[in-house]
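Below: one structure, written as structure tokens.
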Amino acid sequence: MAAARNIVNLALIGFMGTGKSSVGRLVAEQLRFDFLDTDELIVTRANKSIREIFEQNGEPTFRELEHRLVGELEIRTRTVIATGGGLPVNPASLASLKQHALVICLWASPGKIFERVHNQTHRPLLREPDPRARICSLLAAREPFYRQADVLLNSEFRSIREVAQQVVNQFRLATKARK
């Protein structure tokens, strides 16, 4: 890791359905950190669901809201940040997170992701005839960005608690190495 980094937060990136929010809440509890879900905060601020933002304003507007929020997070400390699945595609957003957070990508196969999210109606990117194919194409497009995380963890075959414990261990290793 670069010497200029000051890791005071933990950021979870990855595709929808990989467990970022569920794992993030457990990790925050274990570390006694605050928990922040970027999607939830955008929904609260916009007073609209993500689906409504996509339908009424378009995905670029949502991504701009997301990017602005990431900039605000640079002043936070002791926070576990669960990001939206597309956030790391913006190189500036990912770079911003890496200034203050250990970035961990949660990973799962397209089949497992589909299994976890196919019945969820709040996923605007899956509102099309073949959501499984959409998952595969989005995951392939985003993979190079996800691979820029400090740590990649497969969440497919582990319980949320097991993944959370691995995240906590990785954070402790990273921050111990900096001391």
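Just remember, in the structure tokens the first chain shown is A, the second B, etc., residues are 1-based per chain, and ligands are 1-based in the order shown.
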
Sorted per-residue table, stretch 118-149 of chain A near stretch 11-32 of chain A, closest atoms and distance, 9 Å, only C-alpha atoms, as JSON lines:
```
{"residue": "A:Arg123", "atom": "CA", "partner": "A:Met16", "partner_atom": "CA", "distance": 8.6}
{"residue": "A:Ile135", "atom": "CA", "partner": "A:Phe15", "partner_atom": "CA", "distance": 8.8}
{"residue": "A:Leu138", "atom": "CA", "partner": "A:Phe15", "partner_atom": "CA", "distance": 8.6}
{"residue": "A:Leu139", "atom": "CA", "partner": "A:Phe15", "partner_atom": "CA", "distance": 6.9}
{"residue": "A:Arg142", "atom": "CA", "partner": "A:Phe15", "partner_atom": "CA", "distance": 8.2}
{"residue": "A:Glu143", "atom": "CA", "partner": "A:Gly14", "partner_atom": "CA", "distance": 8.8}
{"residue": "A:Tyr146", "atom": "CA", "partner": "A:Gly14", "partner_atom": "CA", "distance": 6.3}
{"residue": "A:Ala149", "atom": "CA", "partner": "A:Ile13", "partner_atom": "CA", "distance": 7.8}
```

File dump, residues just selected, N, CA and C atoms, as an mmCIF file, in the first residue's frame:
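Result file result.cif:
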```
data_model
loop_
_atom_site.group_PDB
_atom_site.id
_atom_site.type_symbol
_atom_site.label_atom_id
_atom_site.label_comp_id
_atom_site.auth_asym_id
_atom_site.auth_seq_id
_atom_site.Cartn_x
_atom_site.Cartn_y
_atom_site.Cartn_z
ATOM 1 N N ARG A 123 -34.216 -3.089 -7.977
ATOM 2 C CA ARG A 123 -32.966 -3.116 -8.747
ATOM 3 C C ARG A 123 -33.231 -2.632 -10.173
ATOM 4 N N ILE A 135 -26.846 -9.330 -15.641
ATOM 5 C CA ILE A 135 -25.891 -9.517 -14.547
ATOM 6 C C ILE A 135 -24.534 -9.917 -15.124
ATOM 7 N N LEU A 138 -22.920 -6.851 -17.006
ATOM 8 C CA LEU A 138 -22.484 -5.801 -16.074
ATOM 9 C C LEU A 138 -21.289 -6.262 -15.243
ATOM 10 N N LEU A 139 -21.341 -7.490 -14.780
ATOM 11 C CA LEU A 139 -20.248 -8.017 -13.967
ATOM 12 C C LEU A 139 -18.954 -8.060 -14.780
ATOM 13 N N ARG A 142 -17.637 -4.513 -15.133
ATOM 14 C CA ARG A 142 -17.165 -3.908 -13.880
ATOM 15 C C ARG A 142 -15.981 -4.636 -13.261
ATOM 16 N N GLU A 143 -15.741 -5.863 -13.674
ATOM 17 C CA GLU A 143 -14.693 -6.662 -13.050
ATOM 18 C C GLU A 143 -13.337 -5.953 -12.987
ATOM 19 N N TYR A 146 -13.525 -3.647 -10.029
ATOM 20 C CA TYR A 146 -13.585 -4.377 -8.759
ATOM 21 C C TYR A 146 -12.219 -4.941 -8.388
ATOM 22 N N ALA A 149 -9.603 -3.226 -5.999
ATOM 23 C CA ALA A 149 -9.753 -3.194 -4.540
ATOM 24 C C ALA A 149 -8.466 -3.678 -3.885
#
```

- [ ] From a DSSP calculation on the backbone, collect every residue of chain A in alpha helix (DSSP H) and output the set as a PyMOL selection string.
- [x] chain A and resi 20-31+38-46+50-57+59-72+91-100+110-117+131-146+160-178

Task: Selected residue of minimal separation from A:Leu87 among A:Asp130, A:Asp150, A:Glu156, A:Glu66, counting only C-alpha atoms - done: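 Nearest candidate to A:Leu87 out of A:Asp130, A:Asp150, A:Glu156, A:Glu66: A:Glu66.
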
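Distances here use only C-alpha atoms; by that measure, the residue among A:Leu106, A:Asn169, A:Ser159, A:Arg132 closest to A:Arg147 is A:Leu106.
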
- [ ] Enumerate as a PyMOL selection string all residues of chain A assigned to strand (DSSP E or B) by DSSP on the backbone, naming them with the chain letters and numbers the document uses.
- [x] chain A and resi 9-14+34-37+79-82+101-107+151-154

Those same residues - C-alpha atoms - I'd like them written as a compact mmCIF listing (two decimals), in the first residue's frame.
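Below is the file that was written, out-v5.txt:
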```
# COMPACT_ATOMS: atom_id res chain seq x y z
CA ASN A 9 -12.41 3.69 7.23
CA LEU A 10 -13.41 0.51 5.48
CA ALA A 11 -15.23 0.50 2.13
CA LEU A 12 -17.06 -2.49 0.66
CA ILE A 13 -17.43 -2.55 -3.10
CA GLY A 14 -18.79 -5.23 -5.40
CA ASP A 34 -20.49 3.90 12.08
CA PHE A 35 -22.20 2.25 9.11
CA LEU A 36 -23.08 4.15 5.95
CA ASP A 37 -24.76 2.72 2.85
CA THR A 79 -16.94 4.32 9.21
CA VAL A 80 -17.82 1.19 7.26
CA ILE A 81 -19.06 2.30 3.85
CA ALA A 82 -21.18 -0.02 1.71
CA ALA A 101 -10.40 3.48 3.43
CA LEU A 102 -9.28 -0.08 3.00
CA VAL A 103 -11.30 -1.10 -0.06
CA ILE A 104 -12.59 -4.67 0.00
CA CYS A 105 -14.50 -6.14 -2.92
CA LEU A 106 -17.06 -8.83 -2.17
CA TRP A 107 -17.36 -11.26 -5.05
CA VAL A 151 -8.70 -7.16 -1.06
CA LEU A 152 -11.08 -9.44 -2.97
CA LEU A 153 -13.26 -11.79 -0.91
CA ASN A 154 -15.57 -14.43 -2.33
```

Open item on the list: As an exercise, work out the distance from atom CA of A:Thr175 to atom CA of A:Ile7 in Å and give it to one decimal place.
Closed with: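 Value for the atom CA of A:Thr175-atom CA of A:Ile7 distance: 6.7 Å.
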
Open item on the list: One number please: atom CA of A:Asn90 to atom CA of A:Leu69, in Å, one decimal.
Closed with: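 A separation of 12.7 Å between them.
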
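The coordinates place atom CA of A:Ile50 at 23.5 Å from atom CA of A:Gly111.
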
TODO: Write out as a VMD selection string which residues come within 9 Å of A:Phe145 when counting only C-alpha atoms, dropping same-chain ones fewer than 6 positions away.
DONE: chain A and resid 88 to 91 94
